[in-house]
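Have a look at data_1.txt; it's compact mmCIF, C-alpha atoms:
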```
# COMPACT_ATOMS: atom_id res chain seq x y z
CA MET A 140 97.08 83.28 81.21
CA GLU A 141 96.08 81.20 84.23
CA THR A 142 98.38 81.03 87.25
CA ASN A 143 98.91 77.64 88.89
CA PRO A 144 97.53 77.97 92.47
CA TYR A 145 99.65 75.02 93.62
CA LEU A 146 102.76 76.93 92.53
CA ILE A 147 101.80 80.07 94.45
CA GLU A 148 101.17 77.97 97.57
CA LEU A 149 104.52 76.15 97.24
CA TYR A 150 106.70 79.25 96.89
CA SER A 151 104.81 81.24 99.50
CA HIS A 152 106.25 78.82 102.09
CA TYR A 153 109.32 77.27 100.43
CA ASP A 154 112.87 78.21 101.44
CA GLU A 155 114.54 78.41 98.01
CA ASP A 156 117.50 80.37 99.40
CA GLY A 157 118.09 77.61 101.93
CA ARG A 158 117.96 74.91 99.26
CA LEU A 159 120.70 76.54 97.18
CA ALA A 160 122.76 77.47 100.24
CA SER A 161 123.04 73.93 101.62
CA ARG A 162 126.29 72.22 100.66
CA HIS A 163 124.61 69.71 98.32
CA GLY A 164 122.31 72.43 96.95
CA SER A 165 125.25 74.76 96.35
CA VAL A 166 126.57 72.42 93.64
CA GLU A 167 123.76 73.50 91.32
CA PHE A 168 124.29 77.18 92.16
CA LEU A 169 128.08 77.06 91.82
CA THR A 170 127.88 75.14 88.55
CA THR A 171 125.37 77.53 87.01
CA MET A 172 127.36 80.57 88.15
CA ARG A 173 130.54 79.02 86.73
CA TYR A 174 128.93 78.87 83.28
CA ILE A 175 127.38 82.34 83.56
CA GLU A 176 130.81 83.74 84.40
CA LYS A 177 132.19 81.98 81.31
CA TYR A 178 130.06 84.22 79.07
CA ILE A 179 129.20 87.39 80.97
CA LYS A 180 131.31 90.49 80.18
CA PRO A 181 131.83 93.84 81.90
CA GLY A 182 128.90 96.13 81.14
CA ASP A 183 126.52 93.29 80.27
CA HIS A 184 122.82 93.71 81.06
CA VAL A 185 121.15 90.67 82.63
CA LEU A 186 117.51 89.61 82.76
CA GLU A 187 116.47 86.86 85.16
CA ILE A 188 113.02 85.43 84.43
CA GLY A 189 111.46 83.64 87.36
CA ALA A 190 114.07 85.04 89.72
CA GLY A 191 112.59 83.59 92.91
CA THR A 192 114.12 85.33 95.91
CA GLY A 193 117.05 86.55 93.82
CA ARG A 194 119.92 84.18 94.58
CA TYR A 195 121.42 84.59 91.09
CA SER A 196 120.24 88.15 90.46
CA HIS A 197 121.80 89.49 93.66
CA ALA A 198 125.02 87.52 93.16
CA LEU A 199 125.46 89.10 89.71
CA ALA A 200 124.38 92.58 90.84
CA ARG A 201 126.97 92.42 93.63
CA GLN A 202 129.60 91.73 90.98
CA GLY A 203 128.64 95.02 89.33
CA TYR A 204 126.28 93.89 86.58
CA ALA A 205 122.97 95.62 85.86
CA VAL A 206 120.19 93.12 86.51
CA ASP A 207 116.46 93.21 85.82
CA ALA A 208 114.38 90.47 87.40
CA VAL A 209 110.87 89.16 86.78
CA GLU A 210 109.09 87.01 89.36
CA LEU A 211 105.55 85.67 89.54
CA VAL A 212 105.12 85.06 93.29
CA GLU A 213 104.58 88.11 95.50
CA HIS A 214 106.17 86.45 98.55
CA ASN A 215 109.37 85.85 96.57
CA ILE A 216 109.40 89.49 95.43
CA GLU A 217 109.16 90.66 99.05
CA VAL A 218 112.15 88.49 100.03
CA PHE A 219 114.01 89.60 96.88
CA ARG A 220 113.62 93.26 97.91
CA GLN A 221 114.68 92.51 101.50
CA ASN A 222 117.85 90.86 100.15
CA THR A 223 118.82 93.86 98.01
CA GLN A 224 121.98 95.58 99.26
CA PRO A 225 123.06 99.20 98.73
CA GLY A 226 124.94 99.67 95.48
CA GLU A 227 123.15 96.95 93.51
CA THR A 228 121.91 98.05 90.08
CA ILE A 229 118.85 95.86 90.15
CA THR A 230 115.09 95.95 89.54
CA VAL A 231 112.37 93.39 90.19
CA THR A 232 108.88 93.37 88.72
CA GLN A 233 105.99 90.95 88.98
CA GLY A 234 105.36 89.08 85.76
CA ASN A 235 104.88 85.80 83.94
CA ALA A 236 107.60 84.07 81.93
CA MET A 237 105.20 83.51 79.05
CA ASP A 238 104.44 87.22 78.64
CA LEU A 239 107.38 89.60 78.76
CA SER A 240 105.61 92.26 76.72
CA ALA A 241 106.87 94.91 79.16
CA PHE A 242 110.39 94.22 77.90
CA PRO A 243 111.63 95.23 74.44
CA ASP A 244 113.23 92.98 71.83
CA ASN A 245 117.01 92.47 71.77
CA GLN A 246 117.66 94.14 75.14
CA TYR A 247 119.77 91.75 77.23
CA ASP A 248 123.23 90.22 76.89
CA ILE A 249 122.52 87.38 79.33
CA THR A 250 119.05 85.95 79.98
CA LEU A 251 118.40 83.48 82.78
CA LEU A 252 115.36 81.19 82.70
CA LEU A 253 116.31 79.11 85.70
CA GLY A 254 112.94 78.27 87.22
CA PRO A 255 109.85 78.76 85.03
CA LEU A 256 110.37 75.61 82.95
CA TYR A 257 110.11 73.58 86.16
CA HIS A 258 106.43 74.52 86.29
CA LEU A 259 105.18 74.60 82.68
CA TYR A 260 103.51 71.40 81.57
CA SER A 261 102.65 71.71 77.88
CA GLU A 262 105.11 71.95 75.02
CA GLU A 263 103.26 75.06 73.85
CA ASP A 264 103.71 76.85 77.19
CA LYS A 265 107.37 75.86 77.48
CA ARG A 266 108.10 77.05 73.95
CA GLN A 267 106.28 80.32 74.63
CA ALA A 268 108.52 80.97 77.67
CA LEU A 269 111.61 80.09 75.64
CA ARG A 270 110.40 82.24 72.74
CA GLU A 271 110.01 85.24 75.05
CA ALA A 272 113.44 84.70 76.61
CA ILE A 273 115.00 84.53 73.16
CA ARG A 274 113.09 87.59 71.94
CA VAL A 275 114.36 89.90 74.69
CA THR A 276 117.96 88.71 74.27
CA LYS A 277 120.37 90.54 71.97
CA GLN A 278 121.60 88.84 68.83
CA GLY A 279 124.67 86.93 70.00
CA GLY A 280 123.46 86.96 73.61
CA VAL A 281 123.39 83.84 75.75
CA ILE A 282 120.35 82.20 77.37
CA PHE A 283 120.44 79.76 80.29
CA ALA A 284 117.37 77.50 80.63
CA ALA A 285 117.06 75.09 83.57
CA TYR A 286 115.01 71.90 83.83
CA VAL A 287 114.19 69.27 86.46
CA ILE A 288 115.40 65.90 85.19
CA SER A 289 113.26 62.85 85.81
CA ASP A 290 115.90 60.14 86.24
CA GLY A 291 117.92 61.99 88.86
CA CYS A 292 114.74 62.73 90.81
CA LEU A 293 113.46 59.16 90.49
CA LEU A 294 116.76 57.68 91.65
CA ASP A 295 116.99 60.09 94.59
CA GLU A 296 113.41 60.55 95.76
CA GLY A 297 112.05 57.23 94.52
CA PHE A 298 114.48 54.37 94.89
CA HIS A 299 116.86 56.03 97.38
CA ARG A 300 114.60 57.92 99.81
CA GLY A 301 111.17 56.43 99.13
CA ASP A 302 109.52 59.84 98.86
CA ILE A 303 108.12 58.74 95.49
CA ASN A 304 106.06 55.53 95.58
CA VAL A 305 107.11 54.06 92.23
CA PRO A 306 104.28 51.46 91.83
CA GLU A 307 101.71 54.10 92.80
CA TYR A 308 103.15 56.58 90.29
CA ILE A 309 102.98 53.94 87.55
CA GLU A 310 99.39 53.11 88.51
CA LYS A 311 98.44 56.80 88.32
CA GLY A 312 100.07 57.16 84.90
CA LEU A 313 102.82 59.47 86.16
CA LEU A 314 105.57 57.00 85.14
CA ASP A 315 105.65 54.91 81.98
CA PRO A 316 106.03 51.27 83.12
CA ALA A 317 108.24 50.43 80.12
CA THR A 318 110.58 53.45 79.96
CA PHE A 319 110.05 55.10 83.37
CA ALA A 320 109.60 58.44 81.58
CA ALA A 321 107.68 60.84 83.81
CA LYS A 322 104.45 62.72 83.16
CA SER A 323 103.51 65.67 85.36
CA GLU A 324 100.48 67.87 85.94
CA PRO A 325 100.21 71.25 87.72
CA LYS A 326 99.19 69.60 90.99
CA ASP A 327 102.47 67.64 90.88
CA LEU A 328 104.30 71.02 91.03
CA PHE A 329 107.39 70.01 89.05
CA GLU A 330 107.61 69.05 85.39
CA LEU A 331 110.10 66.19 85.03
CA VAL A 332 111.83 65.79 81.67
CA ARG A 333 114.70 64.01 79.93
CA LYS A 334 117.28 65.41 77.56
CA GLU A 335 115.42 64.07 74.52
CA ASP A 336 112.39 66.14 75.58
CA ILE A 337 114.57 69.25 75.77
CA ASP A 338 116.15 68.50 72.38
CA ARG A 339 112.69 68.21 70.83
CA LEU A 340 111.53 71.39 72.55
CA MET A 341 114.51 73.37 71.24
CA SER A 342 114.42 71.97 67.69
CA VAL A 343 112.19 74.80 66.42
CA PHE A 344 114.43 77.67 67.55
CA PRO A 345 117.24 79.21 65.48
CA VAL A 346 119.80 79.09 68.29
CA THR A 347 123.15 77.39 68.85
CA ARG A 348 123.63 75.15 71.87
CA LEU A 349 126.86 75.97 73.70
CA HIS A 350 126.57 73.55 76.61
CA TYR A 351 124.14 71.08 78.11
CA VAL A 352 125.12 70.65 81.76
CA ALA A 353 124.17 68.23 84.54
CA ALA A 354 123.93 71.10 87.02
CA ASP A 355 124.03 69.11 90.25
CA GLY A 356 124.97 65.64 89.02
CA CYS A 357 124.79 63.13 91.88
CA ALA A 358 124.84 65.79 94.63
CA LEU A 359 121.20 65.33 95.66
CA PHE A 360 121.37 61.54 95.40
CA MET A 361 124.38 61.52 97.76
CA ARG A 362 123.46 64.64 99.74
CA GLU A 363 124.33 63.19 103.15
CA ALA A 364 127.83 62.32 101.96
CA VAL A 365 128.29 65.72 100.30
CA ASP A 366 127.05 67.59 103.37
CA ALA A 367 129.46 65.59 105.56
CA MET A 368 132.52 66.48 103.47
CA ASP A 369 135.09 68.81 104.95
CA GLN A 370 136.20 71.84 102.96
CA ASP A 371 139.04 70.06 101.16
CA GLU A 372 136.91 67.01 100.29
CA PHE A 373 134.14 69.23 98.96
CA ALA A 374 136.64 71.19 96.85
CA TRP A 375 137.80 67.92 95.26
CA TYR A 376 134.21 66.84 94.73
CA LEU A 377 133.48 70.12 92.93
CA LYS A 378 136.58 69.67 90.74
CA TYR A 379 135.32 66.21 89.79
CA HIS A 380 131.81 67.51 89.12
CA PHE A 381 133.00 70.42 86.98
CA ALA A 382 135.22 68.05 84.99
CA THR A 383 132.39 65.59 84.28
CA CYS A 384 129.12 67.59 84.21
CA GLU A 385 129.03 67.64 80.39
CA ARG A 386 129.95 63.98 79.88
CA GLU A 387 127.24 62.40 77.72
CA ASP A 388 127.31 59.17 79.73
CA LEU A 389 126.43 61.05 82.94
CA LEU A 390 123.96 63.69 81.73
CA GLY A 391 120.82 61.84 82.79
CA VAL A 392 122.00 61.23 86.35
CA THR A 393 121.21 64.68 87.67
CA SER A 394 118.25 66.36 89.33
CA HIS A 395 118.70 69.63 87.41
CA ALA A 396 120.14 70.43 84.00
CA VAL A 397 120.98 73.75 82.35
CA ASP A 398 120.72 74.17 78.58
CA ILE A 399 122.95 77.06 77.47
CA PHE A 400 122.51 78.49 73.99
CA ARG A 401 123.35 81.53 71.90
CA LYS A 402 120.80 83.59 69.96
```
Structure re-expressed in structure tokens:
Amino acid sequence: METNPYLIELYSHYDEDGRLASRHGSVEFLTTMRYIEKYIKPGDHVLEIGAGTGRYSHALARQGYAVDAVELVEHNIEVFRQNTQPGETITVTQGNAMDLSAFPDNQYDITLLLGPLYHLYSEEDKRQALREAIRVTKQGGVIFAAYVISDGCLLDEGFHRGDINVPEYIEKGLLDPATFAAKSEPKDLFELVRKEDIDRLMSVFPVTRLHYVAADGCALFMREAVDAMDQDEFAWYLKYHFATCEREDLLGVTSHAVDIFRK
């Protein structure tokens, strides 16, 4: 099982904690936590696969839940351990989302797969990671799987900020000139998908979708405006976002989505 060297390089220097802690970045974190808290129960055992530096794992452990975490990148594991506070019932081990053989079947009430699918490029690899997450989850348990969504990223980083050169991406075959669907490779670091790709990916699994959520909606696209909001304005923005993040007519206009399903 080959490790993507570009991925190791990215996360050895990337401030993931800072991304989620910024006001616009916190929309994704607060939204995901809101849905986790909808399903998690006292005494539940949580597994986070691809835990990064532990933003979600530590938040849940500090609420009293027992959390096991798996992370691929050694640098992230070091930061994860540094962030651990006394009293947390938490473990972290190095591992790959596509091979959780160290973990038994039907073990966890809540399973979080909030990063690995950003960096898996074939349908086979993505389904293997999903299969493993489902396997280790108890019957009736809930799995949260996050994706990077192409249209939100293209609107924000392409047409809005110019970080993506759209004609160049089309010339290189990374964007379909007719549909603007994205195609990614390991060197591109992030796999960009649409909801129809996720629906197709999930069609083979005997699970029940509970929610499909635009996790950050327009927050990245309008990050300067969100970051400039005062506390009251941001509270209203969050109320709006929470009220609309499952609206079908808005689901594609997001940089991240979370698919939430029951085993």
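Residues with any atom within 10 Å of the point (115.0, 89.4, 86.9), counting all atoms listed in the file, are Val185, Leu186, Glu187, Ile188, Gly189, Ala190, Gly191, Thr192, Gly193, Tyr195, Ser196, His197, Val206, Asp207, Ala208, Val209, Glu210, Ile229, Thr230, Val231, Thr232, Gln233, Gly234, Thr250, Leu251 and Leu252 of chain A.
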Two-atom distance - atom CA of A:Arg339, atom CA of A:Thr171 (Å): 22.6 Å
Got a sec: who's within 9 Å of A:Gly391, counting all atoms listed in the file, leaving out chain neighbours fewer than 5 positions off, as a tab-separated table (two decimals) with C-alpha atoms, in the coordinates of the input?
```tsv
chain	number	residue	atom	x	y	z
A	288	ILE	CA	115.40	65.90	85.19
A	289	SER	CA	113.26	62.85	85.81
A	290	ASP	CA	115.90	60.14	86.24
A	291	GLY	CA	117.92	61.99	88.86
A	333	ARG	CA	114.70	64.01	79.93
A	334	LYS	CA	117.28	65.41	77.56
A	353	ALA	CA	124.17	68.23	84.54
A	356	GLY	CA	124.97	65.64	89.02
A	396	ALA	CA	120.14	70.43	84.00
```
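Distances to A:Phe242 were evaluated for A:Cys292, A:His380, A:Ala272, A:His258 using only C-alpha atoms, and the minimum falls at A:Ala272.
Separating atom CA of A:Gln202 from atom CA of A:Ala382 is a distance of 25.1 Å.
Rounded to one decimal, atom CA of A:Arg274 and atom CA of A:Asn245 lie 6.3 Å from each other.
Minimum atom-to-atom distances from A:His350, A:Glu324, A:Met361, A:Pro243 to A:Asp295 were compared using only C-alpha atoms, and the lowest value belongs to A:Met361.
Of the listed residues A:Ile282, A:Glu217, A:Arg266, A:Phe319, the one whose atoms come nearest to A:Val305 is A:Phe319, with distances taken using only C-alpha atoms.
Of the listed residues (A:Gly280, A:Gln224, A:Val343, A:Leu359), A:Val343 comes nearest to A:Gln267; the distances count all atoms listed in the file.
Candidate residues A:Arg401, A:Arg220, A:Lys326, A:Arg194 were compared for distance to A:Arg348, and the nearest is A:Arg401, using all atoms listed in the file.
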Selected residue of minimal separation from A:Val166 among A:Tyr247, A:Phe400, A:Phe373, A:Phe298, counting all atoms listed in the file: A:Phe373
When you look at A:Cys384 with a cut-off of 9 Å (counting all atoms listed in the file), what residues show up, excluding the ones that are within fewer than 3 positions of it in the same chain? I need them as a PDB file with C-alpha atoms, in the coordinates of the input.
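In the end it all went to around-v9.pdb:
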```pdb
ATOM      1  CA  THR A 170     127.880  75.140  88.550  1.00  0.00           C
ATOM      2  CA  TYR A 351     124.140  71.080  78.110  1.00  0.00           C
ATOM      3  CA  VAL A 352     125.120  70.650  81.760  1.00  0.00           C
ATOM      4  CA  ALA A 353     124.170  68.230  84.540  1.00  0.00           C
ATOM      5  CA  ALA A 354     123.930  71.100  87.020  1.00  0.00           C
ATOM      6  CA  ASP A 355     124.030  69.110  90.250  1.00  0.00           C
ATOM      7  CA  GLY A 356     124.970  65.640  89.020  1.00  0.00           C
ATOM      8  CA  TYR A 379     135.320  66.210  89.790  1.00  0.00           C
ATOM      9  CA  HIS A 380     131.810  67.510  89.120  1.00  0.00           C
ATOM     10  CA  PHE A 381     133.000  70.420  86.980  1.00  0.00           C
ATOM     11  CA  GLU A 387     127.240  62.400  77.720  1.00  0.00           C
ATOM     12  CA  LEU A 389     126.430  61.050  82.940  1.00  0.00           C
ATOM     13  CA  LEU A 390     123.960  63.690  81.730  1.00  0.00           C
TER      14      LEU A 390
END
```
Residues near A:Glu262, cut-off 12 Å, only C-alpha atoms, skip fewer than 5 positions along chain, as a ChimeraX atom specification: /A:256,267-270,330,332,336-343
Just-selected residues, C-alpha atoms written as a CSV table (one decimal), in the frame of the given file:
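Listed below is the output, selection.csv:
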```csv
chain,number,residue,atom,x,y,z
A,256,LEU,CA,110.4,75.6,83.0
A,267,GLN,CA,106.3,80.3,74.6
A,268,ALA,CA,108.5,81.0,77.7
A,269,LEU,CA,111.6,80.1,75.6
A,270,ARG,CA,110.4,82.2,72.7
A,330,GLU,CA,107.6,69.0,85.4
A,332,VAL,CA,111.8,65.8,81.7
A,336,ASP,CA,112.4,66.1,75.6
A,337,ILE,CA,114.6,69.2,75.8
A,338,ASP,CA,116.2,68.5,72.4
A,339,ARG,CA,112.7,68.2,70.8
A,340,LEU,CA,111.5,71.4,72.6
A,341,MET,CA,114.5,73.4,71.2
A,342,SER,CA,114.4,72.0,67.7
A,343,VAL,CA,112.2,74.8,66.4
```
Contacts of A:Ile179 at 7 Å (only C-alpha atoms; same-chain gap of 4+ positions) as an MDAnalysis selection string: chainID A and resid 175 183 249
Can you give me N, CA and C atoms for stretch 215-237 of chain A, written as a PDB file, in the coordinates of the input?
```
ATOM      1  N   ASN A 215     107.972  85.871  97.022  1.00  0.00           N
ATOM      2  CA  ASN A 215     109.370  85.850  96.570  1.00  0.00           C
ATOM      3  C   ASN A 215     109.878  87.262  96.292  1.00  0.00           C
ATOM      4  N   ILE A 216     109.012  88.108  95.729  1.00  0.00           N
ATOM      5  CA  ILE A 216     109.400  89.490  95.430  1.00  0.00           C
ATOM      6  C   ILE A 216     109.715  90.243  96.720  1.00  0.00           C
ATOM      7  N   GLU A 217     108.916  90.008  97.757  1.00  0.00           N
ATOM      8  CA  GLU A 217     109.160  90.660  99.050  1.00  0.00           C
ATOM      9  C   GLU A 217     110.534  90.258  99.600  1.00  0.00           C
ATOM     10  N   VAL A 218     110.854  88.965  99.538  1.00  0.00           N
ATOM     11  CA  VAL A 218     112.150  88.490 100.030  1.00  0.00           C
ATOM     12  C   VAL A 218     113.269  89.041  99.141  1.00  0.00           C
ATOM     13  N   PHE A 219     113.038  89.055  97.839  1.00  0.00           N
ATOM     14  CA  PHE A 219     114.010  89.600  96.880  1.00  0.00           C
ATOM     15  C   PHE A 219     114.369  91.033  97.271  1.00  0.00           C
ATOM     16  N   ARG A 220     113.374  91.851  97.557  1.00  0.00           N
ATOM     17  CA  ARG A 220     113.620  93.260  97.910  1.00  0.00           C
ATOM     18  C   ARG A 220     114.348  93.365  99.246  1.00  0.00           C
ATOM     19  N   GLN A 221     114.000  92.494 100.192  1.00  0.00           N
ATOM     20  CA  GLN A 221     114.680  92.510 101.500  1.00  0.00           C
ATOM     21  C   GLN A 221     116.153  92.148 101.354  1.00  0.00           C
ATOM     22  N   ASN A 222     116.468  91.316 100.349  1.00  0.00           N
ATOM     23  CA  ASN A 222     117.850  90.860 100.150  1.00  0.00           C
ATOM     24  C   ASN A 222     118.697  91.854  99.349  1.00  0.00           C
ATOM     25  N   THR A 223     118.083  92.901  98.826  1.00  0.00           N
ATOM     26  CA  THR A 223     118.820  93.860  98.010  1.00  0.00           C
ATOM     27  C   THR A 223     119.735  94.715  98.903  1.00  0.00           C
ATOM     28  N   GLN A 224     120.992  94.816  98.502  1.00  0.00           N
ATOM     29  CA  GLN A 224     121.980  95.580  99.260  1.00  0.00           C
ATOM     30  C   GLN A 224     122.251  96.919  98.577  1.00  0.00           C
ATOM     31  N   PRO A 225     122.699  97.915  99.333  1.00  0.00           N
ATOM     32  CA  PRO A 225     123.060  99.200  98.730  1.00  0.00           C
ATOM     33  C   PRO A 225     124.114  99.003  97.640  1.00  0.00           C
ATOM     34  N   GLY A 226     123.964  99.741  96.564  1.00  0.00           N
ATOM     35  CA  GLY A 226     124.940  99.670  95.480  1.00  0.00           C
ATOM     36  C   GLY A 226     124.571  98.703  94.369  1.00  0.00           C
ATOM     37  N   GLU A 227     123.565  97.865  94.576  1.00  0.00           N
ATOM     38  CA  GLU A 227     123.150  96.950  93.510  1.00  0.00           C
ATOM     39  C   GLU A 227     122.350  97.714  92.452  1.00  0.00           C
ATOM     40  N   THR A 228     122.709  97.524  91.191  1.00  0.00           N
ATOM     41  CA  THR A 228     121.910  98.050  90.080  1.00  0.00           C
ATOM     42  C   THR A 228     120.944  96.953  89.681  1.00  0.00           C
ATOM     43  N   ILE A 229     119.749  96.990  90.285  1.00  0.00           N
ATOM     44  CA  ILE A 229     118.850  95.860  90.150  1.00  0.00           C
ATOM     45  C   ILE A 229     117.401  96.330  90.229  1.00  0.00           C
ATOM     46  N   THR A 230     116.533  95.694  89.455  1.00  0.00           N
ATOM     47  CA  THR A 230     115.090  95.950  89.540  1.00  0.00           C
ATOM     48  C   THR A 230     114.383  94.602  89.616  1.00  0.00           C
ATOM     49  N   VAL A 231     113.201  94.591  90.207  1.00  0.00           N
ATOM     50  CA  VAL A 231     112.370  93.390  90.190  1.00  0.00           C
ATOM     51  C   VAL A 231     110.932  93.818  89.940  1.00  0.00           C
ATOM     52  N   THR A 232     110.280  93.110  89.025  1.00  0.00           N
ATOM     53  CA  THR A 232     108.880  93.370  88.720  1.00  0.00           C
ATOM     54  C   THR A 232     108.118  92.058  88.726  1.00  0.00           C
ATOM     55  N   GLN A 233     106.827  92.160  89.003  1.00  0.00           N
ATOM     56  CA  GLN A 233     105.990  90.950  88.980  1.00  0.00           C
ATOM     57  C   GLN A 233     105.584  90.673  87.539  1.00  0.00           C
ATOM     58  N   GLY A 234     105.718  89.422  87.130  1.00  0.00           N
ATOM     59  CA  GLY A 234     105.360  89.080  85.760  1.00  0.00           C
ATOM     60  C   GLY A 234     105.430  87.588  85.521  1.00  0.00           C
ATOM     61  N   ASN A 235     104.978  87.204  84.342  1.00  0.00           N
ATOM     62  CA  ASN A 235     104.880  85.800  83.940  1.00  0.00           C
ATOM     63  C   ASN A 235     105.877  85.519  82.829  1.00  0.00           C
ATOM     64  N   ALA A 236     106.571  84.407  82.917  1.00  0.00           N
ATOM     65  CA  ALA A 236     107.600  84.070  81.930  1.00  0.00           C
ATOM     66  C   ALA A 236     107.058  83.950  80.518  1.00  0.00           C
ATOM     67  N   MET A 237     105.771  83.675  80.387  1.00  0.00           N
ATOM     68  CA  MET A 237     105.200  83.510  79.050  1.00  0.00           C
ATOM     69  C   MET A 237     104.750  84.817  78.413  1.00  0.00           C
TER      70      MET A 237
END
```
